[in-house]
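To be precise, the following lines are data-v2.txt, and they hold compact mmCIF, N, CA and C atoms and all ligand atoms.
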# COMPACT_ATOMS: atom_id res chain seq x y z
N MET A 1 -0.57 39.95 59.26
CA MET A 1 0.78 40.39 58.84
C MET A 1 1.48 39.26 58.09
N GLY A 2 1.49 38.07 58.74
CA GLY A 2 2.14 36.91 58.12
C GLY A 2 1.50 36.59 56.79
N ASP A 3 0.18 36.56 56.75
CA ASP A 3 -0.53 36.20 55.52
C ASP A 3 -0.29 37.21 54.42
N SER A 4 -0.32 38.50 54.78
CA SER A 4 -0.13 39.50 53.73
C SER A 4 1.32 39.50 53.24
N PHE A 5 2.24 39.17 54.13
CA PHE A 5 3.64 39.08 53.68
C PHE A 5 3.81 37.90 52.72
N ASP A 6 3.20 36.77 53.09
CA ASP A 6 3.26 35.59 52.21
C ASP A 6 2.67 35.91 50.85
N ALA A 7 1.54 36.63 50.85
CA ALA A 7 0.88 36.99 49.59
C ALA A 7 1.78 37.92 48.78
N PHE A 8 2.44 38.83 49.48
CA PHE A 8 3.36 39.75 48.81
C PHE A 8 4.49 38.97 48.12
N VAL A 9 5.07 38.03 48.87
CA VAL A 9 6.18 37.23 48.32
C VAL A 9 5.69 36.39 47.14
N GLU A 10 4.51 35.82 47.29
CA GLU A 10 3.95 34.99 46.22
C GLU A 10 3.73 35.82 44.95
N ASN A 11 3.18 37.00 45.15
CA ASN A 11 2.96 37.90 44.01
C ASN A 11 4.25 38.28 43.33
N LEU A 12 5.24 38.57 44.16
CA LEU A 12 6.54 38.96 43.63
C LEU A 12 7.14 37.83 42.81
N GLN A 13 7.02 36.61 43.35
CA GLN A 13 7.57 35.45 42.65
C GLN A 13 6.85 35.23 41.32
N GLU A 14 5.53 35.37 41.34
CA GLU A 14 4.75 35.23 40.11
C GLU A 14 5.19 36.26 39.07
N GLN A 15 5.44 37.47 39.56
CA GLN A 15 5.85 38.55 38.65
C GLN A 15 7.21 38.22 38.02
N ILE A 16 8.13 37.71 38.86
CA ILE A 16 9.46 37.34 38.35
C ILE A 16 9.32 36.21 37.33
N PHE A 17 8.48 35.23 37.64
CA PHE A 17 8.27 34.11 36.71
C PHE A 17 7.71 34.62 35.39
N ASP A 18 6.72 35.51 35.47
CA ASP A 18 6.11 36.03 34.23
C ASP A 18 7.13 36.78 33.38
N GLU A 19 7.94 37.60 34.05
CA GLU A 19 8.94 38.39 33.32
C GLU A 19 9.99 37.47 32.70
N THR A 20 10.38 36.42 33.43
CA THR A 20 11.40 35.50 32.92
C THR A 20 10.85 34.69 31.75
N ARG A 21 9.59 34.28 31.86
CA ARG A 21 8.97 33.52 30.77
C ARG A 21 8.87 34.40 29.52
N GLU A 22 8.55 35.65 29.74
CA GLU A 22 8.44 36.61 28.63
C GLU A 22 9.81 36.80 27.96
N ALA A 23 10.87 36.87 28.78
CA ALA A 23 12.21 37.12 28.23
C ALA A 23 12.78 35.90 27.52
N PHE A 24 12.62 34.71 28.10
CA PHE A 24 13.30 33.51 27.59
C PHE A 24 12.42 32.60 26.75
N GLY A 25 11.09 32.85 26.75
CA GLY A 25 10.20 31.88 26.13
C GLY A 25 10.02 30.69 27.07
N GLU A 26 9.14 29.78 26.71
CA GLU A 26 8.79 28.69 27.61
C GLU A 26 9.99 27.73 27.83
N ALA A 27 10.70 27.38 26.76
CA ALA A 27 11.81 26.42 26.89
C ALA A 27 12.90 27.00 27.79
N GLY A 28 13.24 28.25 27.55
CA GLY A 28 14.27 28.89 28.37
C GLY A 28 13.83 29.07 29.81
N PHE A 29 12.55 29.40 29.98
CA PHE A 29 12.01 29.58 31.33
C PHE A 29 12.09 28.27 32.12
N GLN A 30 11.69 27.18 31.49
CA GLN A 30 11.73 25.88 32.17
C GLN A 30 13.17 25.51 32.54
N ARG A 31 14.09 25.85 31.66
CA ARG A 31 15.50 25.52 31.93
C ARG A 31 16.07 26.40 33.03
N TRP A 32 15.60 27.63 33.07
CA TRP A 32 16.02 28.57 34.13
C TRP A 32 15.56 28.03 35.49
N ARG A 33 14.34 27.48 35.53
CA ARG A 33 13.82 26.94 36.79
C ARG A 33 14.47 25.62 37.14
N ASN A 34 14.84 24.86 36.14
CA ASN A 34 15.41 23.54 36.37
C ASN A 34 16.65 23.38 35.49
N PRO A 35 17.77 23.93 35.96
CA PRO A 35 18.97 23.96 35.10
C PRO A 35 19.66 22.59 34.98
N LEU A 36 19.16 21.82 34.04
CA LEU A 36 19.70 20.48 33.81
C LEU A 36 21.18 20.56 33.45
N TYR A 37 21.88 19.52 33.78
CA TYR A 37 23.32 19.36 33.45
C TYR A 37 24.23 20.29 34.24
N ARG A 38 23.72 20.85 35.33
CA ARG A 38 24.60 21.69 36.14
C ARG A 38 25.61 20.79 36.85
N GLY A 39 26.89 21.19 36.75
CA GLY A 39 27.98 20.38 37.30
C GLY A 39 28.22 20.68 38.76
N PRO A 40 29.38 20.34 39.27
CA PRO A 40 30.55 19.86 38.52
C PRO A 40 30.43 18.38 38.15
N MET A 41 31.44 17.89 37.44
CA MET A 41 31.47 16.48 37.03
C MET A 41 32.76 15.86 37.54
N ASP A 42 32.65 14.66 38.06
CA ASP A 42 33.84 13.93 38.51
C ASP A 42 34.57 13.35 37.30
N ALA A 43 35.88 13.45 37.32
CA ALA A 43 36.75 12.81 36.32
C ALA A 43 36.29 13.03 34.88
N PRO A 44 36.13 14.27 34.45
CA PRO A 44 35.79 14.50 33.04
C PRO A 44 36.98 14.18 32.14
N ASP A 45 36.72 13.90 30.87
CA ASP A 45 37.83 13.72 29.92
C ASP A 45 38.37 15.06 29.48
N SER A 46 37.54 16.08 29.56
CA SER A 46 38.06 17.42 29.29
C SER A 46 37.22 18.45 30.06
N HIS A 47 37.87 19.57 30.30
CA HIS A 47 37.25 20.62 31.11
C HIS A 47 37.83 21.95 30.66
N ALA A 48 36.98 22.94 30.51
CA ALA A 48 37.48 24.29 30.18
C ALA A 48 36.77 25.31 31.05
N ARG A 49 37.49 26.37 31.32
CA ARG A 49 36.93 27.49 32.09
C ARG A 49 37.28 28.77 31.34
N VAL A 50 36.27 29.54 31.00
CA VAL A 50 36.49 30.79 30.25
C VAL A 50 35.75 31.92 30.95
N THR A 51 36.45 33.04 31.12
CA THR A 51 35.80 34.22 31.69
C THR A 51 35.49 35.20 30.56
N GLY A 52 34.24 35.60 30.47
CA GLY A 52 33.81 36.50 29.40
C GLY A 52 34.15 37.95 29.73
N GLU A 53 33.89 38.80 28.75
CA GLU A 53 34.17 40.24 28.96
C GLU A 53 33.32 40.83 30.06
N CYS A 54 32.17 40.20 30.32
CA CYS A 54 31.28 40.69 31.38
C CYS A 54 31.82 40.35 32.77
N GLY A 55 32.87 39.50 32.82
CA GLY A 55 33.47 39.13 34.10
C GLY A 55 32.94 37.82 34.66
N ASP A 56 31.93 37.24 33.99
CA ASP A 56 31.39 35.96 34.44
C ASP A 56 32.20 34.81 33.86
N THR A 57 32.19 33.73 34.61
CA THR A 57 32.96 32.56 34.19
C THR A 57 32.03 31.39 33.88
N MET A 58 32.36 30.69 32.80
CA MET A 58 31.62 29.49 32.41
C MET A 58 32.60 28.32 32.43
N GLU A 59 32.14 27.19 32.92
CA GLU A 59 32.95 25.96 32.86
C GLU A 59 32.14 24.89 32.15
N ILE A 60 32.82 24.12 31.32
CA ILE A 60 32.17 22.98 30.66
C ILE A 60 33.01 21.73 30.90
N PHE A 61 32.33 20.65 31.22
CA PHE A 61 32.97 19.35 31.46
C PHE A 61 32.41 18.37 30.43
N LEU A 62 33.30 17.56 29.85
CA LEU A 62 32.85 16.56 28.87
C LEU A 62 33.43 15.20 29.19
N LYS A 63 32.60 14.18 28.98
CA LYS A 63 33.07 12.80 29.03
C LYS A 63 32.79 12.17 27.67
N PHE A 64 33.75 11.42 27.18
CA PHE A 64 33.61 10.80 25.86
C PHE A 64 33.60 9.27 25.98
N GLU A 65 32.87 8.67 25.05
CA GLU A 65 32.90 7.22 24.92
C GLU A 65 32.85 6.93 23.44
N ASN A 66 33.78 6.12 22.94
CA ASN A 66 33.85 5.84 21.50
C ASN A 66 33.85 7.12 20.68
N ASP A 67 34.60 8.10 21.15
CA ASP A 67 34.76 9.37 20.44
C ASP A 67 33.46 10.16 20.27
N ARG A 68 32.53 9.94 21.18
CA ARG A 68 31.30 10.75 21.22
C ARG A 68 31.11 11.22 22.65
N VAL A 69 30.52 12.39 22.81
CA VAL A 69 30.24 12.89 24.16
C VAL A 69 29.14 12.02 24.78
N CYS A 70 29.47 11.42 25.92
CA CYS A 70 28.43 10.59 26.59
C CYS A 70 27.86 11.33 27.80
N ASP A 71 28.55 12.36 28.26
CA ASP A 71 28.02 13.15 29.37
C ASP A 71 28.64 14.55 29.32
N ALA A 72 27.86 15.53 29.71
CA ALA A 72 28.33 16.92 29.68
C ALA A 72 27.72 17.65 30.86
N ALA A 73 28.45 18.63 31.36
CA ALA A 73 27.95 19.44 32.48
C ALA A 73 28.54 20.83 32.36
N TYR A 74 27.91 21.77 33.02
CA TYR A 74 28.40 23.16 33.01
C TYR A 74 28.32 23.72 34.43
N LEU A 75 29.07 24.75 34.66
CA LEU A 75 28.97 25.56 35.88
C LEU A 75 29.15 27.01 35.47
N THR A 76 28.46 27.90 36.13
CA THR A 76 28.71 29.32 35.88
C THR A 76 28.44 30.13 37.14
N ASP A 77 29.17 31.20 37.29
CA ASP A 77 28.88 32.13 38.39
C ASP A 77 28.11 33.33 37.84
N GLY A 78 27.64 33.18 36.60
CA GLY A 78 26.98 34.31 35.94
C GLY A 78 25.48 34.37 36.21
N CYS A 79 24.83 35.16 35.39
CA CYS A 79 23.40 35.46 35.55
C CYS A 79 22.53 34.28 35.12
N GLY A 80 21.22 34.47 35.25
CA GLY A 80 20.27 33.45 34.82
C GLY A 80 20.43 33.12 33.34
N SER A 81 20.76 34.10 32.53
CA SER A 81 20.94 33.85 31.10
C SER A 81 22.11 32.92 30.84
N SER A 82 23.19 33.10 31.59
CA SER A 82 24.34 32.21 31.36
C SER A 82 24.03 30.80 31.84
N THR A 83 23.21 30.68 32.88
CA THR A 83 22.78 29.36 33.33
C THR A 83 21.99 28.64 32.23
N VAL A 84 21.06 29.36 31.63
CA VAL A 84 20.25 28.76 30.55
C VAL A 84 21.15 28.35 29.38
N CYS A 85 22.08 29.22 29.02
CA CYS A 85 22.96 28.93 27.87
C CYS A 85 23.90 27.76 28.17
N GLY A 86 24.46 27.73 29.37
CA GLY A 86 25.37 26.63 29.74
C GLY A 86 24.62 25.30 29.72
N SER A 87 23.41 25.32 30.23
CA SER A 87 22.61 24.11 30.28
C SER A 87 22.29 23.59 28.88
N PHE A 88 21.89 24.50 27.98
CA PHE A 88 21.60 24.07 26.61
C PHE A 88 22.87 23.65 25.86
N ALA A 89 23.99 24.31 26.14
CA ALA A 89 25.24 23.92 25.48
C ALA A 89 25.60 22.49 25.88
N ALA A 90 25.47 22.18 27.18
CA ALA A 90 25.79 20.82 27.64
C ALA A 90 24.84 19.82 27.00
N GLU A 91 23.56 20.14 26.96
CA GLU A 91 22.58 19.22 26.36
C GLU A 91 22.90 18.97 24.89
N MET A 92 23.23 20.04 24.17
CA MET A 92 23.49 19.91 22.74
C MET A 92 24.75 19.11 22.46
N ALA A 93 25.69 19.10 23.44
CA ALA A 93 26.96 18.40 23.23
C ALA A 93 26.80 16.89 23.31
N ILE A 94 25.83 16.43 24.10
CA ILE A 94 25.70 14.99 24.36
C ILE A 94 25.35 14.25 23.07
N GLY A 95 26.13 13.19 22.82
CA GLY A 95 25.90 12.34 21.64
C GLY A 95 26.68 12.77 20.42
N ARG A 96 27.42 13.88 20.52
CA ARG A 96 28.12 14.39 19.34
C ARG A 96 29.59 13.96 19.28
N THR A 97 30.08 13.81 18.06
CA THR A 97 31.51 13.57 17.82
C THR A 97 32.23 14.92 17.89
N PRO A 98 33.56 14.91 17.96
CA PRO A 98 34.29 16.18 17.95
C PRO A 98 33.93 17.07 16.76
N ASP A 99 33.81 16.47 15.58
CA ASP A 99 33.44 17.28 14.39
C ASP A 99 32.08 17.92 14.57
N GLU A 100 31.16 17.17 15.12
CA GLU A 100 29.79 17.69 15.30
C GLU A 100 29.74 18.76 16.39
N LEU A 101 30.65 18.66 17.34
CA LEU A 101 30.68 19.68 18.41
C LEU A 101 31.02 21.05 17.83
N LEU A 102 31.78 21.05 16.74
CA LEU A 102 32.16 22.32 16.11
C LEU A 102 30.94 23.11 15.65
N GLU A 103 29.84 22.39 15.43
CA GLU A 103 28.61 23.06 14.94
C GLU A 103 27.88 23.82 16.05
N ILE A 104 28.30 23.59 17.31
CA ILE A 104 27.60 24.27 18.42
C ILE A 104 28.19 25.66 18.63
N THR A 105 27.63 26.60 17.94
CA THR A 105 28.06 27.99 18.04
C THR A 105 27.09 28.75 18.97
N GLY A 106 27.43 29.98 19.27
CA GLY A 106 26.52 30.80 20.05
C GLY A 106 25.18 30.96 19.35
N ASP A 107 25.22 31.13 18.03
CA ASP A 107 23.96 31.26 17.27
C ASP A 107 23.13 29.99 17.36
N ALA A 108 23.82 28.83 17.32
CA ALA A 108 23.09 27.56 17.39
C ALA A 108 22.41 27.42 18.76
N ILE A 109 23.09 27.86 19.80
CA ILE A 109 22.50 27.80 21.14
C ILE A 109 21.29 28.72 21.22
N LEU A 110 21.43 29.91 20.68
CA LEU A 110 20.31 30.87 20.70
C LEU A 110 19.12 30.34 19.91
N GLU A 111 19.42 29.68 18.79
CA GLU A 111 18.36 29.12 17.96
C GLU A 111 17.63 28.02 18.72
N LYS A 112 18.41 27.21 19.44
CA LYS A 112 17.81 26.10 20.22
C LYS A 112 16.88 26.65 21.32
N ILE A 113 17.31 27.70 21.98
CA ILE A 113 16.48 28.27 23.06
C ILE A 113 15.22 28.90 22.46
N GLY A 114 15.39 29.51 21.32
CA GLY A 114 14.23 30.10 20.63
C GLY A 114 14.11 31.59 20.86
N ARG A 115 13.84 31.98 22.06
CA ARG A 115 13.71 33.42 22.37
C ARG A 115 14.71 33.73 23.47
N PHE A 116 15.37 34.89 23.33
CA PHE A 116 16.40 35.22 24.32
C PHE A 116 16.63 36.72 24.30
N PRO A 117 16.85 37.34 25.49
CA PRO A 117 17.04 38.80 25.49
C PRO A 117 18.27 39.20 24.68
N GLU A 118 18.06 40.16 23.81
CA GLU A 118 19.13 40.64 22.92
C GLU A 118 20.40 41.00 23.70
N GLU A 119 20.21 41.67 24.83
CA GLU A 119 21.37 42.17 25.59
C GLU A 119 22.15 41.04 26.26
N ASP A 120 21.60 39.82 26.24
CA ASP A 120 22.29 38.69 26.87
C ASP A 120 22.82 37.68 25.86
N HIS A 121 22.80 38.03 24.59
CA HIS A 121 23.28 37.08 23.58
C HIS A 121 24.72 36.67 23.85
N HIS A 122 25.49 37.57 24.46
CA HIS A 122 26.91 37.24 24.72
C HIS A 122 27.04 36.03 25.66
N CYS A 123 26.01 35.76 26.46
CA CYS A 123 26.07 34.60 27.36
C CYS A 123 26.11 33.31 26.54
N ALA A 124 25.38 33.28 25.43
CA ALA A 124 25.38 32.10 24.55
C ALA A 124 26.74 31.95 23.89
N PHE A 125 27.35 33.09 23.52
CA PHE A 125 28.65 33.02 22.88
C PHE A 125 29.72 32.57 23.88
N LEU A 126 29.57 32.97 25.14
CA LEU A 126 30.50 32.50 26.18
C LEU A 126 30.36 30.98 26.37
N ALA A 127 29.12 30.49 26.41
CA ALA A 127 28.90 29.04 26.57
C ALA A 127 29.51 28.28 25.40
N ALA A 128 29.32 28.79 24.17
CA ALA A 128 29.86 28.12 22.99
C ALA A 128 31.38 28.15 23.00
N GLU A 129 31.94 29.29 23.36
CA GLU A 129 33.40 29.42 23.39
C GLU A 129 33.99 28.43 24.41
N THR A 130 33.33 28.29 25.54
CA THR A 130 33.82 27.38 26.58
C THR A 130 33.72 25.93 26.11
N LEU A 131 32.63 25.62 25.44
CA LEU A 131 32.47 24.26 24.90
C LEU A 131 33.56 23.97 23.87
N GLN A 132 33.84 24.92 23.01
CA GLN A 132 34.89 24.72 22.00
C GLN A 132 36.26 24.57 22.65
N GLU A 133 36.47 25.28 23.75
CA GLU A 133 37.75 25.16 24.46
C GLU A 133 37.85 23.77 25.11
N ALA A 134 36.73 23.26 25.63
CA ALA A 134 36.73 21.90 26.22
C ALA A 134 37.03 20.87 25.12
N LEU A 135 36.48 21.09 23.93
CA LEU A 135 36.78 20.20 22.80
C LEU A 135 38.27 20.27 22.47
N ASN A 136 38.77 21.47 22.45
CA ASN A 136 40.19 21.68 22.18
C ASN A 136 41.06 20.91 23.17
N GLN A 137 40.70 20.98 24.44
CA GLN A 137 41.45 20.25 25.48
C GLN A 137 41.41 18.75 25.21
N TYR A 138 40.26 18.27 24.79
CA TYR A 138 40.11 16.84 24.50
C TYR A 138 41.02 16.45 23.33
N MET A 139 41.04 17.28 22.30
CA MET A 139 41.85 16.97 21.12
C MET A 139 43.34 17.02 21.46
N VAL A 140 43.73 17.99 22.26
CA VAL A 140 45.14 18.11 22.66
C VAL A 140 45.55 16.90 23.48
N ALA A 141 44.68 16.47 24.40
CA ALA A 141 44.99 15.30 25.24
C ALA A 141 45.13 14.06 24.35
N GLY A 142 44.28 13.95 23.33
CA GLY A 142 44.33 12.81 22.41
C GLY A 142 45.63 12.79 21.63
N GLN A 143 46.11 13.97 21.23
CA GLN A 143 47.37 14.08 20.49
C GLN A 143 48.54 13.61 21.35
N LYS A 144 48.47 13.95 22.64
CA LYS A 144 49.58 13.57 23.53
C LYS A 144 49.67 12.06 23.69
N LEU A 145 48.54 11.36 23.59
CA LEU A 145 48.53 9.91 23.77
C LEU A 145 49.09 9.19 22.56
N LYS A 146 49.12 9.88 21.37
CA LYS A 146 49.58 9.21 20.14
C LYS A 146 51.09 9.07 20.10
FE1 LIG A 201 27.97 37.46 31.84
FE2 LIG A 201 25.66 36.38 31.16
S1 LIG A 201 26.04 38.42 31.82
S2 LIG A 201 27.63 35.52 31.00

Take the structure in the file and give it back as structure tokens.
Ligand code: FES
Amino acid sequence: MGDSFDAFVENLQEQIFDETREAFGEAGFQRWRNPLYRGPMDAPDSHARVTGECGDTMEIFLKFENDRVCDAAYLTDGCGSSTVCGSFAAEMAIGRTPDELLEITGDAILEKIGRFPEEDHHCAFLAAETLQEALNQYMVAGQKLK
């Protein structure tokens, strides 16, 4: 009984892995299994939280050094797709200036992942929107200091 249950669970897990790899491609699958840059982050220089039309929330945290992102993190209560998108958005932000951050759109995130389920493209747009809002917060804070 124990052995057959273990085998059942193992098979189920393999099936889920295969389906996820098929949906996200290898890069997205690896990120789904190991969601790098998952937050939260202590004392970020900027932070944004945006809730998408689907009802899921994405948060992005940024730290800057010499006007470049030196660290980034994300949090989401959304699906696996939003986890993958938040993780890639944070990765893409690192090392960029504010001007360069503007280039991180939902399409750019989708291009970076490579393959992504059509019905979940909005997750990438939510991640990009949240990143742009975090940039906005950083710029507003900078204006206040002047
Ligand atoms: Fe809502 Fe992915 S389904 S962000």

Test item: residues lying within 6 Å of ligand LIG 201 (chain A) with only N, CA and C atoms and all ligand atoms, as JSON, numbers by chain: {"A": [54, 55, 56, 78, 79, 81, 82, 120, 122, 123]}

N, CA and C atoms of the current selection, written as a PDB file, in the frame of the given file:
ATOM      1  N   CYS A  54      32.170  40.200  30.320  1.00  0.00           N
ATOM      2  CA  CYS A  54      31.280  40.690  31.380  1.00  0.00           C
ATOM      3  C   CYS A  54      31.820  40.350  32.770  1.00  0.00           C
ATOM      4  N   GLY A  55      32.870  39.500  32.820  1.00  0.00           N
ATOM      5  CA  GLY A  55      33.470  39.130  34.100  1.00  0.00           C
ATOM      6  C   GLY A  55      32.940  37.820  34.660  1.00  0.00           C
ATOM      7  N   ASP A  56      31.930  37.240  33.990  1.00  0.00           N
ATOM      8  CA  ASP A  56      31.390  35.960  34.440  1.00  0.00           C
ATOM      9  C   ASP A  56      32.200  34.810  33.860  1.00  0.00           C
ATOM     10  N   GLY A  78      27.640  33.180  36.600  1.00  0.00           N
ATOM     11  CA  GLY A  78      26.980  34.310  35.940  1.00  0.00           C
ATOM     12  C   GLY A  78      25.480  34.370  36.210  1.00  0.00           C
ATOM     13  N   CYS A  79      24.830  35.160  35.390  1.00  0.00           N
ATOM     14  CA  CYS A  79      23.400  35.460  35.550  1.00  0.00           C
ATOM     15  C   CYS A  79      22.530  34.280  35.120  1.00  0.00           C
ATOM     16  N   SER A  81      20.760  34.100  32.530  1.00  0.00           N
ATOM     17  CA  SER A  81      20.940  33.850  31.100  1.00  0.00           C
ATOM     18  C   SER A  81      22.110  32.920  30.840  1.00  0.00           C
ATOM     19  N   SER A  82      23.190  33.100  31.590  1.00  0.00           N
ATOM     20  CA  SER A  82      24.340  32.210  31.360  1.00  0.00           C
ATOM     21  C   SER A  82      24.030  30.800  31.840  1.00  0.00           C
ATOM     22  N   ASP A 120      21.600  39.820  26.240  1.00  0.00           N
ATOM     23  CA  ASP A 120      22.290  38.690  26.870  1.00  0.00           C
ATOM     24  C   ASP A 120      22.820  37.680  25.860  1.00  0.00           C
ATOM     25  N   HIS A 122      25.490  37.570  24.460  1.00  0.00           N
ATOM     26  CA  HIS A 122      26.910  37.240  24.720  1.00  0.00           C
ATOM     27  C   HIS A 122      27.040  36.030  25.660  1.00  0.00           C
ATOM     28  N   CYS A 123      26.010  35.760  26.460  1.00  0.00           N
ATOM     29  CA  CYS A 123      26.070  34.600  27.360  1.00  0.00           C
ATOM     30  C   CYS A 123      26.110  33.310  26.540  1.00  0.00           C
TER      31      CYS A 123
END

I'd like the interatomic distance between CA of Asp3 in chain A and CA of Arg21 in chain A, to a tenth of an Å.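 It comes out at 26.6 Å.
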
Would you kindly return, as a PyMOL selection string, each protein, DNA or RNA residue with an atom no farther than 8 Å from any atom of range 30-40 of chain A, considering only N, CA and C atoms and excluding same-chain residues fewer than 6 positions away? chain A and resi 20-21+24+59+61+72-76+80-81+83-88+90-91

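Atom pair atom N of Phe64 in chain A / CA of Pro44 in chain A has a distance of 6.9 Å (rounded to one decimal).
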
Using DSSP secondary structure from the backbone, list all strand (DSSP E or B) positions within range 50-127 of chain A, as a list in words.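 Answer for range 50-127 of chain A, restricted to strand (DSSP E or B): Val50, Thr51, Thr57, Met58, Glu59, Ile60, Phe61, Leu62, Lys63, Phe64, Glu65, Arg68, Val69, Cys70, Asp71, Ala72, Ala73, Tyr74, Leu75 and Thr76 of chain A.
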
Selection near range 102-119 of chain A, 7 Å with all atoms listed in the file, sequence-local residues under 2 positions removed, as a PyMOL selection string: chain A and resi 23-28+85+88-89+97-100+121-129+132

Now that the selection is made, can you save its residues with N, CA and C atoms as a PDB file, in the frame of the given file?
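Final output, saved to result-v1.pdb:
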ATOM      1  N   ALA A  23      10.870  36.870  28.780  1.00  0.00           N
ATOM      2  CA  ALA A  23      12.210  37.120  28.230  1.00  0.00           C
ATOM      3  C   ALA A  23      12.780  35.900  27.520  1.00  0.00           C
ATOM      4  N   PHE A  24      12.620  34.710  28.100  1.00  0.00           N
ATOM      5  CA  PHE A  24      13.300  33.510  27.590  1.00  0.00           C
ATOM      6  C   PHE A  24      12.420  32.600  26.750  1.00  0.00           C
ATOM      7  N   GLY A  25      11.090  32.850  26.750  1.00  0.00           N
ATOM      8  CA  GLY A  25      10.200  31.880  26.130  1.00  0.00           C
ATOM      9  C   GLY A  25      10.020  30.690  27.070  1.00  0.00           C
ATOM     10  N   GLU A  26       9.140  29.780  26.710  1.00  0.00           N
ATOM     11  CA  GLU A  26       8.790  28.690  27.610  1.00  0.00           C
ATOM     12  C   GLU A  26       9.990  27.730  27.830  1.00  0.00           C
ATOM     13  N   ALA A  27      10.700  27.380  26.760  1.00  0.00           N
ATOM     14  CA  ALA A  27      11.810  26.420  26.890  1.00  0.00           C
ATOM     15  C   ALA A  27      12.900  27.000  27.790  1.00  0.00           C
ATOM     16  N   GLY A  28      13.240  28.250  27.550  1.00  0.00           N
ATOM     17  CA  GLY A  28      14.270  28.890  28.370  1.00  0.00           C
ATOM     18  C   GLY A  28      13.830  29.070  29.810  1.00  0.00           C
ATOM     19  N   CYS A  85      22.080  29.220  29.020  1.00  0.00           N
ATOM     20  CA  CYS A  85      22.960  28.930  27.870  1.00  0.00           C
ATOM     21  C   CYS A  85      23.900  27.760  28.170  1.00  0.00           C
ATOM     22  N   PHE A  88      21.890  24.500  27.980  1.00  0.00           N
ATOM     23  CA  PHE A  88      21.600  24.070  26.610  1.00  0.00           C
ATOM     24  C   PHE A  88      22.870  23.650  25.860  1.00  0.00           C
ATOM     25  N   ALA A  89      23.990  24.310  26.140  1.00  0.00           N
ATOM     26  CA  ALA A  89      25.240  23.920  25.480  1.00  0.00           C
ATOM     27  C   ALA A  89      25.600  22.490  25.880  1.00  0.00           C
ATOM     28  N   THR A  97      30.080  13.810  18.060  1.00  0.00           N
ATOM     29  CA  THR A  97      31.510  13.570  17.820  1.00  0.00           C
ATOM     30  C   THR A  97      32.230  14.920  17.890  1.00  0.00           C
ATOM     31  N   PRO A  98      33.560  14.910  17.960  1.00  0.00           N
ATOM     32  CA  PRO A  98      34.290  16.180  17.950  1.00  0.00           C
ATOM     33  C   PRO A  98      33.930  17.070  16.760  1.00  0.00           C
ATOM     34  N   ASP A  99      33.810  16.470  15.580  1.00  0.00           N
ATOM     35  CA  ASP A  99      33.440  17.280  14.390  1.00  0.00           C
ATOM     36  C   ASP A  99      32.080  17.920  14.570  1.00  0.00           C
ATOM     37  N   GLU A 100      31.160  17.170  15.120  1.00  0.00           N
ATOM     38  CA  GLU A 100      29.790  17.690  15.300  1.00  0.00           C
ATOM     39  C   GLU A 100      29.740  18.760  16.390  1.00  0.00           C
ATOM     40  N   HIS A 121      22.800  38.030  24.590  1.00  0.00           N
ATOM     41  CA  HIS A 121      23.280  37.080  23.580  1.00  0.00           C
ATOM     42  C   HIS A 121      24.720  36.670  23.850  1.00  0.00           C
ATOM     43  N   HIS A 122      25.490  37.570  24.460  1.00  0.00           N
ATOM     44  CA  HIS A 122      26.910  37.240  24.720  1.00  0.00           C
ATOM     45  C   HIS A 122      27.040  36.030  25.660  1.00  0.00           C
ATOM     46  N   CYS A 123      26.010  35.760  26.460  1.00  0.00           N
ATOM     47  CA  CYS A 123      26.070  34.600  27.360  1.00  0.00           C
ATOM     48  C   CYS A 123      26.110  33.310  26.540  1.00  0.00           C
ATOM     49  N   ALA A 124      25.380  33.280  25.430  1.00  0.00           N
ATOM     50  CA  ALA A 124      25.380  32.100  24.550  1.00  0.00           C
ATOM     51  C   ALA A 124      26.740  31.950  23.890  1.00  0.00           C
ATOM     52  N   PHE A 125      27.350  33.090  23.520  1.00  0.00           N
ATOM     53  CA  PHE A 125      28.650  33.020  22.880  1.00  0.00           C
ATOM     54  C   PHE A 125      29.720  32.570  23.880  1.00  0.00           C
ATOM     55  N   LEU A 126      29.570  32.970  25.140  1.00  0.00           N
ATOM     56  CA  LEU A 126      30.500  32.500  26.180  1.00  0.00           C
ATOM     57  C   LEU A 126      30.360  30.980  26.370  1.00  0.00           C
ATOM     58  N   ALA A 127      29.120  30.490  26.410  1.00  0.00           N
ATOM     59  CA  ALA A 127      28.900  29.040  26.570  1.00  0.00           C
ATOM     60  C   ALA A 127      29.510  28.280  25.400  1.00  0.00           C
ATOM     61  N   ALA A 128      29.320  28.790  24.170  1.00  0.00           N
ATOM     62  CA  ALA A 128      29.860  28.120  22.990  1.00  0.00           C
ATOM     63  C   ALA A 128      31.380  28.150  23.000  1.00  0.00           C
ATOM     64  N   GLU A 129      31.940  29.290  23.360  1.00  0.00           N
ATOM     65  CA  GLU A 129      33.400  29.420  23.390  1.00  0.00           C
ATOM     66  C   GLU A 129      33.990  28.430  24.410  1.00  0.00           C
ATOM     67  N   GLN A 132      33.840  24.920  23.010  1.00  0.00           N
ATOM     68  CA  GLN A 132      34.890  24.720  22.000  1.00  0.00           C
ATOM     69  C   GLN A 132      36.260  24.570  22.650  1.00  0.00           C
TER      70      GLN A 132
END

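Using only C-alpha atoms, the nearest neighbour of Tyr138 in chain A within the list A:Glu10, A:Glu53, A:Asp67, A:Asp18 is A:Asp67.
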
If you measure from atom C of Met139 in chain A to atom C of His47 in chain A, what distance in Å do you get, rounded to one decimal? 11.8 Å

Which of chain A counts as helix (DSSP H, G or I) under DSSP, as a ChimeraX atom specification please? /A:2-33,80-93,98-101,106-113,118-145

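Nearest residue to Ala48 in chain A, choosing from A:Val69, A:Ala93, A:Val9, A:Leu135 and counting all atoms listed in the file: A:Leu135.
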